[in-house]
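The data block below is run_33.txt; it holds compact mmCIF, C-alpha atoms.
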```txt
# COMPACT_ATOMS: atom_id res chain seq x y z
CA MET A 161 -28.29 27.91 5.77
CA VAL A 162 -26.46 25.33 3.65
CA LEU A 163 -29.64 23.32 3.25
CA GLU A 164 -31.52 26.44 2.19
CA GLY A 165 -28.82 27.19 -0.35
CA LEU A 166 -28.98 23.66 -1.74
CA ALA A 167 -32.77 23.83 -1.87
CA ALA A 168 -32.40 26.92 -4.05
CA ASP A 169 -29.65 25.42 -6.17
CA PRO A 170 -29.29 21.63 -5.76
CA THR A 171 -26.60 21.49 -8.44
CA LEU A 172 -24.12 23.51 -6.35
CA ALA A 173 -21.23 21.11 -5.74
CA ALA A 174 -19.62 23.41 -3.18
CA GLY A 175 -22.82 23.34 -1.13
CA HIS A 176 -22.90 19.54 -1.04
CA ASP A 177 -19.19 19.56 -0.17
CA LEU A 178 -19.77 21.91 2.75
CA LEU A 179 -22.71 19.82 3.95
CA GLY A 180 -20.50 16.74 3.75
CA ARG A 181 -17.92 18.42 5.99
CA ILE A 182 -20.55 19.43 8.53
CA ARG A 183 -22.00 15.92 8.63
CA ALA A 184 -18.56 14.33 8.89
CA ASP A 185 -17.75 16.69 11.80
CA GLU A 186 -20.96 15.52 13.46
CA GLY A 187 -19.80 11.93 13.02
CA ASP A 188 -22.60 11.12 10.57
CA ASP A 189 -20.37 9.41 8.00
CA ALA A 190 -23.24 7.86 6.03
CA SER A 191 -24.86 11.25 5.42
CA ALA A 192 -21.49 12.83 4.70
CA MET A 193 -20.87 10.20 2.05
CA VAL A 194 -24.24 10.94 0.45
CA SER A 195 -23.37 14.65 0.34
CA TRP A 196 -19.93 14.15 -1.16
CA ARG A 197 -21.26 11.73 -3.74
CA ALA A 198 -23.89 14.33 -4.61
CA ALA A 199 -21.07 16.88 -5.03
CA LEU A 200 -19.32 14.51 -7.45
CA GLY A 201 -22.61 14.07 -9.27
CA CYS A 202 -22.80 17.84 -9.74
CA GLU A 203 -19.13 18.26 -10.54
CA PRO A 204 -17.20 15.08 -11.44
CA GLY A 205 -13.73 15.18 -9.91
CA HIS A 206 -14.66 17.79 -7.28
CA LEU A 207 -11.52 17.94 -5.13
CA GLY A 208 -13.25 18.59 -1.82
CA ALA A 209 -15.60 15.67 -2.37
CA LEU A 210 -12.76 13.30 -3.31
CA LYS A 211 -10.81 14.36 -0.23
CA GLY A 212 -13.90 13.92 1.90
CA LEU A 213 -14.63 10.43 0.58
CA ALA A 214 -10.98 9.53 1.11
CA PHE A 215 -11.25 10.76 4.69
CA LEU A 216 -14.34 8.65 5.33
CA ALA A 217 -12.70 5.57 3.81
CA PHE A 218 -9.58 6.17 5.91
CA ARG A 219 -11.69 6.49 9.06
CA ALA A 220 -13.40 3.22 8.16
CA ARG A 221 -9.92 1.63 7.67
CA ASP A 222 -10.73 0.99 4.01
CA TYR A 223 -7.27 2.10 2.93
CA ALA A 224 -7.54 0.85 -0.65
CA THR A 225 -10.59 3.05 -1.28
CA ALA A 226 -8.96 5.99 0.49
CA GLU A 227 -5.88 5.63 -1.68
CA ARG A 228 -7.99 5.43 -4.83
CA HIS A 229 -9.91 8.63 -4.03
CA LEU A 230 -6.69 10.44 -3.19
CA GLU A 231 -5.07 9.26 -6.40
CA SER A 232 -8.02 10.60 -8.39
CA ALA A 233 -7.72 13.90 -6.55
CA SER A 234 -3.96 14.15 -7.01
CA HIS A 235 -4.37 13.44 -10.71
CA ARG A 236 -6.54 16.57 -10.90
CA ALA A 237 -4.32 18.63 -8.61
CA PRO A 238 -0.81 17.18 -8.98
CA HIS A 239 0.86 20.04 -7.10
CA ASP A 240 -1.37 19.92 -4.04
CA ALA A 241 1.12 19.05 -1.30
CA SER A 242 -1.63 18.16 1.18
CA LEU A 243 -2.86 15.44 -1.18
CA LEU A 244 0.60 13.96 -1.61
CA THR A 245 1.09 13.97 2.15
CA ALA A 246 -2.27 12.26 2.63
CA LEU A 247 -1.36 9.66 0.00
CA ASP A 248 1.91 8.93 1.77
CA ARG A 249 0.05 8.58 5.05
CA VAL A 250 -2.51 6.17 3.61
CA ARG A 251 0.15 4.09 1.89
CA ALA A 252 2.18 3.94 5.08
CA VAL A 253 -0.65 2.55 7.16
CA ARG A 254 -1.97 0.19 4.50
CA PRO A 255 -1.26 -3.39 5.58
CA SER A 256 1.62 -4.99 3.72
CA VAL A 257 -0.40 -8.13 3.17
CA HIS A 258 -3.76 -7.33 1.62
CA ASP A 259 -6.88 -9.28 1.30
CA GLU A 260 -6.11 -9.75 -2.36
CA ALA A 261 -9.26 -11.59 -3.31
CA ARG A 262 -11.43 -8.81 -1.87
CA GLU A 263 -9.49 -6.14 -3.72
CA PHE A 264 -9.68 -8.10 -6.92
CA ASP A 265 -13.44 -8.49 -6.81
CA ASP A 266 -14.07 -4.76 -6.56
CA PRO A 267 -13.97 -3.36 -10.13
CA ALA A 268 -13.18 0.04 -8.67
CA ASN A 269 -9.71 -1.22 -7.71
CA GLY A 270 -8.68 -1.27 -11.36
CA LEU A 271 -7.66 -4.92 -11.55
CA LEU A 272 -8.91 -6.94 -14.50
CA LEU A 273 -8.39 -10.62 -15.28
CA ALA A 274 -9.03 -11.82 -18.82
CA ASP A 275 -8.72 -15.23 -20.43
CA ALA A 276 -6.82 -16.01 -23.62
CA ASP A 277 -9.95 -15.43 -25.68
CA GLY A 278 -10.28 -11.90 -24.34
CA MET A 279 -13.20 -12.65 -22.04
CA ARG A 280 -13.35 -10.84 -18.71
CA LEU A 281 -13.02 -13.28 -15.82
CA ARG A 282 -12.90 -10.96 -12.80
CA GLY A 283 -12.57 -7.32 -11.86
CA GLY A 284 -12.81 -4.17 -13.92
CA LEU A 285 -10.91 -1.06 -14.81
CA GLY A 286 -12.03 1.44 -12.21
CA GLN A 287 -15.11 3.14 -10.92
CA ASP A 288 -15.24 5.51 -13.87
CA ALA A 289 -15.05 2.71 -16.47
CA PRO A 290 -18.40 1.14 -17.30
CA GLY A 291 -18.62 -2.62 -17.69
CA ALA A 292 -18.58 -2.33 -21.47
CA ALA A 293 -15.24 -0.50 -21.36
CA SER A 294 -13.76 -3.17 -19.09
CA ASP A 295 -15.03 -5.88 -21.42
CA ALA A 296 -13.46 -4.06 -24.36
CA ALA A 297 -10.14 -3.77 -22.52
CA ALA A 298 -10.28 -7.48 -21.66
CA ALA A 299 -10.90 -8.26 -25.31
CA GLU A 300 -7.68 -6.43 -26.20
CA ALA A 301 -5.58 -7.72 -23.28
CA GLY A 302 -5.03 -11.19 -24.69
CA GLY A 303 -3.88 -9.84 -28.06
CA LEU A 304 -1.61 -7.32 -26.39
CA LEU A 305 0.08 -9.99 -24.32
CA ARG A 306 0.49 -12.23 -27.36
CA GLU A 307 2.15 -9.35 -29.21
CA ALA A 308 4.40 -8.69 -26.20
CA THR A 309 5.36 -12.36 -26.06
CA ARG A 310 6.22 -12.33 -29.77
CA ASN A 311 8.32 -9.18 -29.29
CA ALA A 312 10.14 -10.67 -26.32
CA ARG A 313 10.93 -13.90 -28.17
CA LEU A 314 12.20 -12.25 -31.33
CA LEU A 315 14.20 -9.56 -29.51
CA GLY A 316 15.82 -11.99 -27.09
CA LEU A 317 14.06 -10.61 -24.03
CA GLY A 318 13.06 -14.06 -22.75
CA THR A 319 9.82 -14.72 -20.91
CA VAL A 320 7.51 -11.73 -20.43
CA LYS A 321 7.39 -10.50 -16.84
CA HIS A 322 5.18 -7.47 -17.40
CA LEU A 323 4.25 -4.78 -19.88
CA VAL A 324 3.80 -1.13 -18.86
CA ILE A 325 1.75 1.29 -20.94
CA GLU A 326 1.57 4.96 -20.04
CA SER A 327 -0.48 7.76 -21.53
CA THR A 328 -1.14 11.29 -20.32
CA ASP A 329 -4.19 10.18 -18.36
CA ALA A 330 -3.73 6.48 -17.64
CA ARG A 331 -1.15 3.93 -16.59
CA PHE A 332 -1.51 0.17 -17.17
CA VAL A 333 0.49 -2.88 -16.29
CA VAL A 334 -0.27 -6.19 -17.99
CA CYS A 335 1.13 -9.42 -16.55
CA PRO A 336 0.82 -12.98 -17.78
CA VAL A 337 -0.97 -15.09 -15.17
CA ARG A 338 -0.76 -18.41 -16.98
CA PRO A 339 -0.56 -19.16 -20.69
CA ASP A 340 -4.32 -18.81 -20.76
CA ALA A 341 -4.86 -15.60 -18.79
CA ALA A 342 -3.67 -12.02 -18.47
CA LEU A 343 -3.99 -9.54 -15.64
CA MET A 344 -4.29 -5.82 -16.22
CA ALA A 345 -3.86 -3.20 -13.50
CA TYR A 346 -5.04 0.32 -14.27
CA ARG A 347 -4.48 3.57 -12.39
CA THR A 348 -4.09 7.26 -13.06
CA PRO A 349 -0.56 8.58 -13.75
CA SER A 350 -0.27 9.72 -10.12
CA THR A 351 0.48 6.11 -9.14
CA PRO A 352 4.22 5.43 -9.35
CA THR A 353 5.03 2.88 -12.05
CA GLY A 354 7.05 0.64 -9.74
CA ARG A 355 4.21 0.53 -7.28
CA LEU A 356 1.71 -0.36 -10.00
CA VAL A 357 3.98 -3.15 -11.24
CA ALA A 358 4.22 -4.54 -7.71
CA MET A 359 0.43 -4.36 -7.31
CA ALA A 360 -0.11 -6.12 -10.63
CA GLN A 361 2.36 -8.88 -9.86
CA ARG A 362 0.80 -9.50 -6.46
CA ALA A 363 -2.68 -9.57 -8.00
CA ALA A 364 -1.43 -11.93 -10.72
CA GLY A 365 -0.30 -14.33 -8.00
CA ALA A 366 -3.73 -14.18 -6.37
CA ALA A 367 -5.40 -14.67 -9.75
CA GLU A 368 -3.28 -17.72 -10.49
CA LYS A 369 -4.39 -19.33 -7.23
CA TRP A 370 -8.00 -18.51 -8.05
CA LEU A 371 -7.70 -20.05 -11.51
CA GLU A 372 -6.20 -23.19 -10.02
CA GLU A 373 -9.12 -23.47 -7.64
CA MET A 374 -11.55 -23.01 -10.52
CA SER A 375 -10.03 -25.72 -12.69
CA MET B 591 18.92 16.07 -38.89
CA LEU B 592 19.90 12.40 -39.11
CA GLN B 593 23.27 13.17 -37.55
CA ARG B 594 21.59 14.93 -34.61
CA TRP B 595 19.26 11.98 -34.04
CA GLU B 596 22.18 9.56 -34.11
CA GLN B 597 23.92 11.75 -31.53
CA LEU B 598 20.84 11.54 -29.28
CA LEU B 599 20.80 7.76 -29.65
CA SER B 600 24.50 7.52 -28.78
CA ASP B 601 23.64 9.18 -25.45
CA VAL B 602 21.14 6.38 -24.86
CA VAL B 603 23.52 3.52 -25.60
CA ALA B 604 26.08 5.14 -23.27
CA ILE B 605 24.01 3.90 -20.35
CA PRO B 606 25.56 0.63 -19.14
CA GLY B 607 23.55 -2.41 -20.20
CA VAL B 608 21.77 -0.78 -23.14
CA ARG B 609 22.17 -3.09 -26.16
CA GLY B 610 20.95 -0.62 -28.73
CA ALA B 611 18.68 2.30 -29.47
CA SER B 612 16.74 3.46 -32.46
CA LEU B 613 14.31 6.05 -33.68
CA ILE B 614 11.44 4.41 -35.50
CA SER B 615 8.28 5.41 -37.27
CA THR B 616 5.29 3.44 -36.03
CA GLU B 617 3.26 4.70 -38.97
CA ASP B 618 5.11 2.50 -41.44
CA GLY B 619 7.19 0.32 -39.08
CA LEU B 620 10.52 1.58 -40.42
CA VAL B 621 13.75 2.53 -38.69
CA VAL B 622 14.73 6.21 -39.05
CA ALA B 623 18.03 6.19 -37.14
CA GLU B 624 19.83 3.74 -34.91
CA ALA B 625 22.87 3.28 -32.70
CA ALA B 626 24.75 0.17 -31.55
CA MET B 627 22.11 -2.19 -32.94
CA ASP B 628 24.75 -4.69 -34.02
CA GLU B 629 23.06 -7.72 -32.50
CA LEU B 630 19.59 -6.73 -33.62
CA ASP B 631 18.02 -6.01 -36.97
CA GLY B 632 16.76 -2.43 -36.75
CA ASN B 633 13.96 -3.12 -39.22
CA ASP B 634 12.77 -6.06 -37.12
CA VAL B 635 12.78 -3.88 -34.03
CA ALA B 636 10.84 -1.16 -35.82
CA ALA B 637 8.22 -3.57 -37.12
CA LEU B 638 7.79 -5.35 -33.79
CA VAL B 639 7.57 -2.18 -31.71
CA SER B 640 5.10 -0.68 -34.18
CA ALA B 641 2.86 -3.71 -33.76
CA LEU B 642 3.15 -3.50 -29.98
CA VAL B 643 2.31 0.22 -29.95
CA SER B 644 -0.66 -0.46 -32.20
CA ARG B 645 -1.95 -3.09 -29.78
CA ALA B 646 -1.35 -0.78 -26.81
CA THR B 647 -3.28 1.97 -28.58
CA ARG B 648 -6.25 -0.35 -28.98
CA VAL B 649 -6.27 -0.97 -25.23
CA THR B 650 -6.18 2.72 -24.32
CA ARG B 651 -8.88 3.41 -26.87
CA ALA B 652 -11.05 0.70 -25.32
CA ILE B 653 -11.29 2.67 -22.08
CA HIS B 654 -11.32 6.09 -23.73
CA ALA B 655 -7.84 7.00 -22.46
CA ALA B 656 -5.25 9.05 -24.33
CA PRO B 657 -2.94 7.15 -26.74
CA PRO B 658 0.19 5.59 -25.24
CA ARG B 659 3.33 7.67 -24.91
CA LEU B 660 5.45 4.99 -23.23
CA VAL B 661 5.64 1.23 -23.62
CA GLN B 662 7.93 -0.86 -21.44
CA LEU B 663 8.22 -4.59 -22.02
CA ALA B 664 10.13 -6.41 -19.29
CA GLY B 665 11.29 -9.97 -19.80
CA ASP B 666 13.62 -12.17 -17.80
CA GLY B 667 16.24 -11.64 -20.53
CA GLY B 668 16.01 -7.87 -20.83
CA THR B 669 13.76 -4.85 -21.30
CA LEU B 670 12.43 -2.95 -24.27
CA LEU B 671 11.52 0.68 -23.66
CA GLY B 672 9.70 2.84 -26.18
CA MET B 673 8.93 6.54 -25.72
CA LEU B 674 6.81 8.65 -28.04
CA ALA B 675 8.96 11.45 -29.44
CA ASP B 676 7.11 13.28 -32.19
CA GLU B 677 4.18 11.31 -33.58
CA PRO B 678 4.70 8.90 -35.33
CA LEU B 679 8.35 8.77 -34.20
CA TRP B 680 9.26 6.65 -31.16
CA LEU B 681 12.57 6.39 -29.37
CA VAL B 682 13.31 2.75 -28.59
CA ALA B 683 15.98 1.20 -26.40
CA ILE B 684 16.73 -2.42 -25.61
CA ALA B 685 18.55 -3.19 -22.40
CA GLU B 686 20.06 -6.20 -20.71
CA PRO B 687 18.87 -7.44 -17.32
CA GLY B 688 20.34 -5.29 -14.59
CA ALA B 689 20.49 -2.12 -16.68
CA GLU B 690 19.38 1.09 -15.00
CA ILE B 691 15.85 1.18 -16.40
CA GLY B 692 14.78 4.12 -14.27
CA ARG B 693 17.64 6.21 -15.62
CA LEU B 694 16.88 5.04 -19.15
CA ARG B 695 13.23 6.12 -18.78
CA VAL B 696 14.25 9.57 -17.62
CA LEU B 697 16.79 9.98 -20.42
CA LEU B 698 14.37 8.84 -23.13
CA GLY B 699 11.79 11.24 -21.74
CA ASP B 700 14.30 14.09 -21.92
CA LEU B 701 15.45 13.18 -25.43
CA ALA B 702 11.92 12.67 -26.73
CA GLY B 703 11.41 16.42 -26.57
CA ALA B 704 14.52 17.00 -28.67
CA VAL B 705 13.26 14.92 -31.59
CA THR B 706 11.43 17.26 -33.90
```

Could you spell out this file's structure in structure tokens?
Amino acid sequence: MVLEGLAADPTLAAGHDLLGRIRADEGDDASAMVSWRAALGCEPGHLGALKGLAFLAFRARDYATAERHLESASHRAPHDASLLTALDRVRAVRPSVHDEAREFDDPANGLLLADADGMRLRGGLGQDAPGAASDAAAAEAGGLLREATRNARLLGLGTVKHLVIESTDARFVVCPVRPDAALMAYRTPSTPTGRLVAMAQRAAGAAEKWLEEMS
Amino acid sequence: MLQRWEQLLSDVVAIPGVRGASLISTEDGLVVAEAAMDELDGNDVAALVSALVSRATRVTRAIHAAPPRLVQLAGDGGTLLGMLADEPLWLVAIAEPGAEIGRLRVLLGDLAGAVT
């Protein structure tokens, strides 16, 4: 019946969402993922699809991806208690020591490393940000950190540890990695600031090791 | 109006560890009101924070995000916190290491709505 409905109207996000649930219940995670991605294609930010993809990622023990999907969903539905509970659950089971290099290499994780000239070295700013947007952000990151360093020196704040920028729809943390590189971590406002700072600082440590290996 | 703003700022500097607070205009980089900024030149603070906000705005624009409403610069010698009040006015506080930054963020957020 669902397939017939989708044949009649293939742009019906709810239909793809329902099909995703049926396939996930059958244990066919690959097909469920296709359905939920199709739902997002029809309706970007579809809550059911984001929850479904988070569920699949959780079942595959890909906790970083699960957390990211849930954060996107909770940004759209900030008062949905079930989402907040699911986020807590994912964060609780996420290993305390991550495979940082793997996380860093996936642009969807929202971690971006730029050199002092504003060139992107690794990462990107999320699955919704095209490469050009990440390159543009990298181009600005170096200048932003230089301005922060100048502020800190002239205002007696010492050496810059990190810079937090918040808007109504985005949250960034920028950390110096070395004098010649800056790391930017980007998430939706549903990510607590302290947590994002911790993520950025940990990623900056991993980036520093990577830069040392490169040089 | 100025007296009311200075009263708001005095609430900010009442938090232990806050070195000073000011209300600045990022449009022209000038200080509008300030409290307990004895050790700092208010005009310098206004100019520097305006430049920082301008840079931050360029980053948010690069990824098509909304303009910044909060900027927090943490150094090993203290923290600068800026909160958008009523464009182009920003509430700014400078705190020593160990100050209650979380409390300061909440207070600036509350006071930002009172600046009109």

Could you work out which residues of chain B fall inside 7 Å of chain A? Count all atoms listed in the file, and format the result as a CSV table (one decimal) with C-alpha atoms, in the coordinates of the input.
```csv
chain,number,residue,atom,x,y,z
B,638,LEU,CA,7.8,-5.4,-33.8
B,642,LEU,CA,3.2,-3.5,-30.0
B,645,ARG,CA,-2.0,-3.1,-29.8
B,646,ALA,CA,-1.4,-0.8,-26.8
B,648,ARG,CA,-6.2,-0.4,-29.0
B,649,VAL,CA,-6.3,-1.0,-25.2
B,652,ALA,CA,-11.0,0.7,-25.3
B,653,ILE,CA,-11.3,2.7,-22.1
B,655,ALA,CA,-7.8,7.0,-22.5
B,656,ALA,CA,-5.2,9.0,-24.3
B,657,PRO,CA,-2.9,7.2,-26.7
B,658,PRO,CA,0.2,5.6,-25.2
B,659,ARG,CA,3.3,7.7,-24.9
B,660,LEU,CA,5.4,5.0,-23.2
B,661,VAL,CA,5.6,1.2,-23.6
B,662,GLN,CA,7.9,-0.9,-21.4
B,663,LEU,CA,8.2,-4.6,-22.0
B,664,ALA,CA,10.1,-6.4,-19.3
B,665,GLY,CA,11.3,-10.0,-19.8
B,666,ASP,CA,13.6,-12.2,-17.8
B,667,GLY,CA,16.2,-11.6,-20.5
B,668,GLY,CA,16.0,-7.9,-20.8
B,669,THR,CA,13.8,-4.8,-21.3
```

Worksheet item: Quick one: of B:Leu697, B:Ala683, B:Ile691, B:Ala704, who's nearest to B:Glu624, counting all atoms listed in the file?
Response: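 Nearest candidate to B:Glu624 out of B:Leu697, B:Ala683, B:Ile691, B:Ala704: B:Ala683.
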
Worksheet item: Between B:Ala636, B:Leu701, B:Gln593, B:Ile684, which one has atoms that come closest to B:Ala611, using only C-alpha atoms?
Response: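 For B:Ala611, the nearest of the given residues is B:Ile684.
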
Discussion item. One decimal, in Å: what's the spacing between atom CA of B:Glu686 and atom CA of B:Glu629?
Written reply: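 For atom CA of B:Glu686 relative to atom CA of B:Glu629, the distance reads 12.3 Å.
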
Worksheet entry | Spatial neighbours of A:Pro238, 12 Å, only C-alpha atoms, chain gap at least 5 places, as a PyMOL selection string | chain A and resi 207+230-233+243-245+247+348-351

Report as a PDB file with C-alpha atoms, keeping the file's coordinate frame all protein, DNA and RNA residues lying within 10 Å of B:Ile614, evaluated on all atoms listed in the file, omitting residues in the same chain fewer than 3 positions from it.
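Result written to part-v3.pdb:
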```pdb
ATOM      1  CA  ALA B 611      18.680   2.300 -29.470  1.00  0.00           C
ATOM      2  CA  GLU B 617       3.260   4.700 -38.970  1.00  0.00           C
ATOM      3  CA  ASP B 618       5.110   2.500 -41.440  1.00  0.00           C
ATOM      4  CA  GLY B 619       7.190   0.320 -39.080  1.00  0.00           C
ATOM      5  CA  LEU B 620      10.520   1.580 -40.420  1.00  0.00           C
ATOM      6  CA  VAL B 621      13.750   2.530 -38.690  1.00  0.00           C
ATOM      7  CA  VAL B 622      14.730   6.210 -39.050  1.00  0.00           C
ATOM      8  CA  ALA B 623      18.030   6.190 -37.140  1.00  0.00           C
ATOM      9  CA  GLU B 624      19.830   3.740 -34.910  1.00  0.00           C
ATOM     10  CA  GLY B 632      16.760  -2.430 -36.750  1.00  0.00           C
ATOM     11  CA  ASN B 633      13.960  -3.120 -39.220  1.00  0.00           C
ATOM     12  CA  VAL B 635      12.780  -3.880 -34.030  1.00  0.00           C
ATOM     13  CA  ALA B 636      10.840  -1.160 -35.820  1.00  0.00           C
ATOM     14  CA  ALA B 637       8.220  -3.570 -37.120  1.00  0.00           C
ATOM     15  CA  VAL B 639       7.570  -2.180 -31.710  1.00  0.00           C
ATOM     16  CA  SER B 640       5.100  -0.680 -34.180  1.00  0.00           C
ATOM     17  CA  GLY B 672       9.700   2.840 -26.180  1.00  0.00           C
ATOM     18  CA  LEU B 674       6.810   8.650 -28.040  1.00  0.00           C
ATOM     19  CA  ALA B 675       8.960  11.450 -29.440  1.00  0.00           C
ATOM     20  CA  PRO B 678       4.700   8.900 -35.330  1.00  0.00           C
ATOM     21  CA  LEU B 679       8.350   8.770 -34.200  1.00  0.00           C
ATOM     22  CA  TRP B 680       9.260   6.650 -31.160  1.00  0.00           C
ATOM     23  CA  LEU B 681      12.570   6.390 -29.370  1.00  0.00           C
ATOM     24  CA  VAL B 682      13.310   2.750 -28.590  1.00  0.00           C
TER      25      VAL B 682
END
```

Worksheet entry | Coordinates-based distance that separates atom CA of B:Val602 from atom CA of B:Glu677 (Å, one decimal) |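 Separation between atom CA of B:Glu677 and atom CA of B:Val602: 19.7 Å.
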
Practice prompt. Measure the distance from atom CA of A:Leu343 to atom CA of A:Ala367 in Å and round it to one decimal.
Written response: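 Computed distance, atom CA of A:Leu343 to atom CA of A:Ala367, equals 7.9 Å.
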